[in-house]
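Enquirer: Handing you a structure now.
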Amino acid sequence: MKPGIHPEYRPVVFRDRAADYAFLTRSTATSDKTVEWEDGNTYPVIDVEISSASHPFYTGTQRVLDTAGRVERFERRYGRAGGKR
């Protein structure tokens with residue numbers, strides 16, 4: 001890699017406010033806010049709207065939509081495509 005052209009890769013805390021969950025990882029993302037982590041060091045913090053702690057797919061609260069029923073209801077209301085109008 002060429003020196004001086006890449007952003008700094010450093011530890012950053014990502015915080016999911018909705019789930020009250022935070023994790024420390026490395027990133028090139030920047031932030032003016034900081035937080036004191038469990039190890040006593042201060043790291044930049046980036047607030048995210050959703051993470052694996054609050055996403056329905058990962059938490060098991062995902063809803064399964066009945067798409068077949070929706071298609072049938074649409075066809076009953078508006079008829080099939082290419083049919084009589």
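By order of appearance in the structure tokens: chains A, B, ..., then residues from 1 within every chain, and ligands from 1 in the order shown.
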Need the shell around region 7-20 of chain A: protein/DNA/RNA residues with any atom at most 12 Å away, counting only C-alpha atoms. Skip same-chain ones fewer than 6 positions apart. Format as JSON, numbers by chain?
Expert: {"A": [1, 26, 27, 28, 29, 30, 31, 32, 33, 34, 35, 36, 37, 38, 41, 42, 43, 44, 45, 46, 47, 48, 49, 50, 51, 52, 53, 54, 55, 56, 59]}
Enquirer: Write a file of the selected residues as a compact mmCIF listing (two decimals), in the first residue's frame, keeping N, CA, C and O atoms.
Expert:
# COMPACT_ATOMS: atom_id res chain seq x y z
N MET A 1 0.84 -1.18 0.00
CA MET A 1 0.00 0.00 0.00
C MET A 1 0.88 1.24 0.00
O MET A 1 1.93 1.26 0.64
N ARG A 26 -12.52 -2.46 14.71
CA ARG A 26 -11.63 -1.54 14.01
C ARG A 26 -12.33 -1.02 12.77
O ARG A 26 -13.04 -1.76 12.11
N SER A 27 -12.12 0.26 12.46
CA SER A 27 -12.79 0.87 11.33
C SER A 27 -12.04 2.13 10.90
O SER A 27 -11.22 2.66 11.64
N THR A 28 -12.38 2.61 9.71
CA THR A 28 -11.85 3.89 9.24
C THR A 28 -12.86 5.00 9.45
O THR A 28 -12.58 6.16 9.15
N ALA A 29 -14.04 4.66 9.98
CA ALA A 29 -15.08 5.66 10.24
C ALA A 29 -14.59 6.65 11.30
O ALA A 29 -13.85 6.30 12.22
N THR A 30 -15.05 7.91 11.17
CA THR A 30 -14.63 8.94 12.11
C THR A 30 -15.83 9.50 12.85
O THR A 30 -16.96 9.44 12.36
N SER A 31 -15.57 10.06 14.01
CA SER A 31 -16.62 10.66 14.81
C SER A 31 -16.00 11.66 15.78
O SER A 31 -14.87 11.49 16.24
N ASP A 32 -16.76 12.70 16.09
CA ASP A 32 -16.32 13.68 17.07
C ASP A 32 -16.66 13.25 18.49
O ASP A 32 -16.06 13.71 19.45
N LYS A 33 -17.64 12.35 18.63
CA LYS A 33 -18.05 11.86 19.95
C LYS A 33 -17.09 10.77 20.40
O LYS A 33 -16.56 10.01 19.59
N THR A 34 -16.91 10.69 21.71
CA THR A 34 -16.06 9.64 22.28
C THR A 34 -16.80 8.99 23.44
O THR A 34 -17.74 9.55 23.99
N VAL A 35 -16.35 7.80 23.80
CA VAL A 35 -16.93 7.07 24.93
C VAL A 35 -15.80 6.32 25.62
O VAL A 35 -14.84 5.89 24.98
N GLU A 36 -15.91 6.19 26.93
CA GLU A 36 -14.93 5.40 27.68
C GLU A 36 -15.39 3.95 27.66
O GLU A 36 -16.51 3.63 28.07
N TRP A 37 -14.56 3.08 27.15
CA TRP A 37 -14.90 1.67 27.00
C TRP A 37 -14.58 0.91 28.28
O TRP A 37 -13.97 1.44 29.21
N GLU A 38 -14.97 -0.35 28.33
CA GLU A 38 -14.79 -1.19 29.52
C GLU A 38 -13.33 -1.35 29.94
O GLU A 38 -13.04 -1.58 31.11
N ASN A 41 -10.03 2.77 28.24
CA ASN A 41 -9.58 3.65 27.16
C ASN A 41 -10.75 4.41 26.56
O ASN A 41 -11.90 3.97 26.63
N THR A 42 -10.46 5.53 25.93
CA THR A 42 -11.48 6.34 25.27
C THR A 42 -11.38 6.12 23.77
O THR A 42 -10.29 6.21 23.19
N TYR A 43 -12.52 5.81 23.15
CA TYR A 43 -12.58 5.54 21.71
C TYR A 43 -13.64 6.41 21.06
O TYR A 43 -14.62 6.79 21.71
N PRO A 44 -13.51 6.68 19.76
CA PRO A 44 -14.59 7.36 19.05
C PRO A 44 -15.81 6.44 19.02
O PRO A 44 -15.68 5.23 18.93
N VAL A 45 -17.00 7.03 19.10
CA VAL A 45 -18.23 6.24 19.10
C VAL A 45 -19.10 6.66 17.93
O VAL A 45 -19.22 7.85 17.62
N ILE A 46 -19.69 5.68 17.26
CA ILE A 46 -20.60 5.93 16.15
C ILE A 46 -21.93 5.30 16.50
O ILE A 46 -21.99 4.09 16.75
N ASP A 47 -22.98 6.12 16.55
CA ASP A 47 -24.31 5.62 16.85
C ASP A 47 -24.95 5.09 15.58
O ASP A 47 -24.96 5.77 14.55
N VAL A 48 -25.47 3.87 15.65
CA VAL A 48 -26.15 3.26 14.51
C VAL A 48 -27.61 3.02 14.87
O VAL A 48 -27.95 2.86 16.04
N GLU A 49 -28.46 3.00 13.85
CA GLU A 49 -29.88 2.81 14.10
C GLU A 49 -30.25 1.36 14.32
O GLU A 49 -31.20 1.05 15.02
N ILE A 50 -29.50 0.47 13.70
CA ILE A 50 -29.84 -0.95 13.81
C ILE A 50 -28.57 -1.78 13.76
O ILE A 50 -27.60 -1.43 13.09
N SER A 51 -28.55 -2.85 14.53
CA SER A 51 -27.42 -3.77 14.54
C SER A 51 -27.96 -5.18 14.70
O SER A 51 -29.17 -5.40 14.73
N SER A 52 -27.09 -6.14 14.84
CA SER A 52 -27.55 -7.52 15.01
C SER A 52 -28.34 -7.70 16.30
O SER A 52 -29.12 -8.63 16.43
N ALA A 53 -28.17 -6.80 17.26
CA ALA A 53 -28.89 -6.90 18.52
C ALA A 53 -30.34 -6.42 18.41
O ALA A 53 -31.17 -6.79 19.23
N SER A 54 -30.65 -5.62 17.38
CA SER A 54 -32.01 -5.11 17.27
C SER A 54 -32.68 -5.46 15.94
O SER A 54 -33.86 -5.18 15.77
N HIS A 55 -31.97 -6.06 15.00
CA HIS A 55 -32.56 -6.40 13.71
C HIS A 55 -33.47 -7.61 13.85
O HIS A 55 -33.07 -8.61 14.45
N PRO A 56 -34.69 -7.56 13.31
CA PRO A 56 -35.64 -8.67 13.46
C PRO A 56 -35.12 -10.01 12.96
O PRO A 56 -35.45 -11.04 13.52
N THR A 59 -32.81 -11.32 15.79
CA THR A 59 -33.43 -11.49 17.10
C THR A 59 -34.53 -12.53 17.10
O THR A 59 -35.03 -12.91 18.15
Enquirer: State, in Å with one decimal place, the distance from CA of His6 (chain A) to CA of Leu24 (chain A).
Expert: 21.2 Å
Enquirer: For CA of Gly4 (chain A) and CA of Thr25 (chain A), determine how far apart the two atoms are, in Å to one decimal place.
Expert: 22.4 Å
